[in-house]
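Take a look at the structure below.
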Amino acid sequence: MPKSTRSPRSPFRRLAVGVVALAVTAPLAACGAEDAATSADSGDGTTKITVLRSNGALFEPLYIAEEQGFFKDAGLDVTIKAGAQDTSQNAPSVLNGEAQFAMTDSSGFLKGAAKNMPIRIATGLVSATTKTDPTDGLLVKEDSSITSFSDLEGKTVGLSALGGTIQFIVEYLVEKDGGDPDKVKFVSLPTTSLTDAATTGKTDAVYSFGAFYAAGKQAGLRSVGNGMNDLPGITQGVLFATQEYLSKNTATAQKFTAAIAKAITYANAHPDAVKAIDKQYTQLSADYIENSEISYYDKNINTTVMRTVINKMHDYGLLSSAPKDDAIYWDKAPTVTSGG
């Protein structure tokens, strides 16, 4: 049976199963090694770094940096590994030194920061933008009475996971449209079941993404709004590390993020390179990849929008606290404040 959530508002209402359930401990010594010590491990003068990527998408700049030699040119020997299915669970591997950097999304990182984990965002990867067509969003049956997010009051919405960025964006857009997000019921469903749930009426609407969003529209479902593009600047993918690693290995971290920045520029200019990576590392069909627009990659983290996300997630009970900026960003991270 799907998991549902709707209860009186409390500091922890509707938190997802994927909340980072980890006691905060100091990172092990391996995570705080000096640059020189880390370089010595490689044996050839390069610095070894392990980075955990997501299992879905948005990791393409990592492989571009590898393939185009941006890491090598920076003197880095980078190993890219698939991380946890729930990227919020990548934090333990970074905290214990198994990896130096890892990917997650806004909510995945913020839930760790809200629990005072000593982790910081080093760089952005992808943010929502009006420069591309939506690749995620709310889907309803063609004859549904739902035509705006405020119409979701009293309705049931199917999500792939509760308590994360997707639930946040639905609640935010309901409120923005003049509705009461407290009056929306959310249920957790397998991602592969979202389209069926909407077409059969098991739910009044679903929020889908990527290939599943495209498949839902092809099945006759109608989109409402523009998904996360209705909050331009919301960070959809970031790379983070421990505060200790970043402070003790600043030069290495800057080389790494500079290589990622070059890869982001390359990815935006070479969509075929991005699609080739998706064909190799994702389970999406080649036909879908060829006919889809690539994401717009962006190293910058919009702190104005992130603050909106933090405050609203806390208001909605999706964050246990609202972390301050100095508990979120590395002091060398590429941040901007415009466009919020």
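Here, A, B, ... name the chains of the structure tokens in the order displayed, residue numbers run from 1 inside each chain, and ligands are numbered from 1 in the same displayed order.
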
* Could you pull the residues within 6 Å of region 152-159 of chain A, counting only C-alpha atoms, minus those fewer than 4 positions along the same chain, as number ranges by chain? -> A: 183-189, 203-207

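For Ile49 (chain A), the residues within 9 Å (counting only C-alpha atoms, excluding itself and residues fewer than 5 positions away along the chain) are Thr38, Leu76, Asp77, Val78, Thr79, Ile80, Ala99, Gln100, Phe101 and Phe256 of chain A.
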
* Using the chain letters and numbers from this document, which residues of region 39-268 of chain A does DSSP assign to strand (DSSP E or B), as a ChimeraX atom specification? -> /A:47-53,76-82,101-104,119-127,136-140,156-159,185-188,205-209,222-224,235-242

* To do: Give me the residues within 9 Å of Ser148 (chain A) as a list in words, counting only C-alpha atoms and dropping any in the same chain fewer than 5 places off.
  =>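 So the residues in contact are Val174, Asp177, Val224 and Gly225 of chain A.
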
I need the residues from that last selection saved to file as an mmCIF file, in the first residue's frame (with C-alpha atoms), if you can.
data_model
loop_
_atom_site.group_PDB
_atom_site.id
_atom_site.type_symbol
_atom_site.label_atom_id
_atom_site.label_comp_id
_atom_site.auth_asym_id
_atom_site.auth_seq_id
_atom_site.Cartn_x
_atom_site.Cartn_y
_atom_site.Cartn_z
ATOM 1 C CA VAL A 174 0.097 25.522 -3.840
ATOM 2 C CA ASP A 177 -1.174 30.041 -6.028
ATOM 3 C CA VAL A 224 -0.166 21.755 -14.724
ATOM 4 C CA GLY A 225 2.383 24.543 -14.365
#

* To do: Grab the CA of Tyr297 (chain A) to CA of Ala267 (chain A) distance for me, in Å with one decimal place.
  => 7.3 Å

* To do: For each of A:Ala57, A:Asn291, A:Thr46, A:Asn96, take the minimum atom-to-atom distance to Asp278 (chain A), counting only C-alpha atoms, then give the residue where this is smallest.
  =>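 Of the candidates, the smallest distance to Asp278 (chain A) is held by A:Ala57.
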
* DSSP on the backbone: what in region 50-283 of chain A comes out alpha helix (DSSP H), as a ChimeraX atom specification? -> /A:60-67,70-73,91-95,106-114,165-176,194-199,210-218,243-248,250-269,271-281

* To do: Please provide the set of residues having any atom within 12 Å of Asp287 (chain A), restricted to only C-alpha atoms, with same-chain residues fewer than 3 positions apart removed, written as a list in words.
  =>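 Here the qualifying residues turn out to be Ala211, Lys275, Ala276, Asp278, Lys279, Gln283, Leu284, Glu290, Asn291 and Ser292 of chain A.
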
* To do: Can you work out which one of A:Ser88, A:Thr257, A:Ser247, A:Thr147 has the shortest atom-to-atom distance to Leu62 (chain A), counting only C-alpha atoms?
  =>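 That would be A:Thr257, the residue with the smallest distance to Leu62 (chain A).
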
* Asked: With only C-alpha atoms as the atoms that count, which of A:Leu139, A:Ala263, A:Ala91, A:Ala251 lies nearest to Val51 (chain A)?
  ->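 Residue with the minimum atom-to-atom distance to Val51 (chain A): A:Ala91.
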
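For the pair CA of Phe149 (chain A) and CA of Ser223 (chain A), the separation is 10.9 Å.
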
* To do: Extract, using only C-alpha atoms, all DNA, RNA and protein residues at most 8 Å from Met103 (chain A), discarding same-chain residues fewer than 2 positions from it, and format them as a PyMOL selection string.
  => chain A and resi 51-54+59+83+87+90+101+105+237-240

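From CA of Tyr296 (chain A) back to CA of Ala128 (chain A), the distance works out to 7.9 Å.
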
* **Exercise: region 116-126 of chain A partners within 6 Å, only C-alpha atoms, chain neighbours under 6 positions left out, as a PyMOL selection string** => chain A and resi 24+236-243+297-301+328-330+333

Using only C-alpha atoms, I'd like a table of the residues in region 175-285 of chain A that come within 9 Å of region 165-170 of chain A; for each, show the closest atom pair and its distance in Å rounded to one decimal, ordered by chain and ascending number, as CSV.
residue,atom,partner,partner_atom,distance
A:Glu175,CA,A:Val170,CA,8.6
A:Pro181,CA,A:Val170,CA,8.0
A:Phe186,CA,A:Gln167,CA,7.9
A:Tyr207,CA,A:Ile166,CA,7.4
A:Ser208,CA,A:Ile166,CA,8.8
A:Gly227,CA,A:Ile169,CA,7.8
A:Met228,CA,A:Ile169,CA,6.7
A:Asp230,CA,A:Ile169,CA,8.9
A:Leu231,CA,A:Ile169,CA,8.2
A:Gln236,CA,A:Thr165,CA,8.4
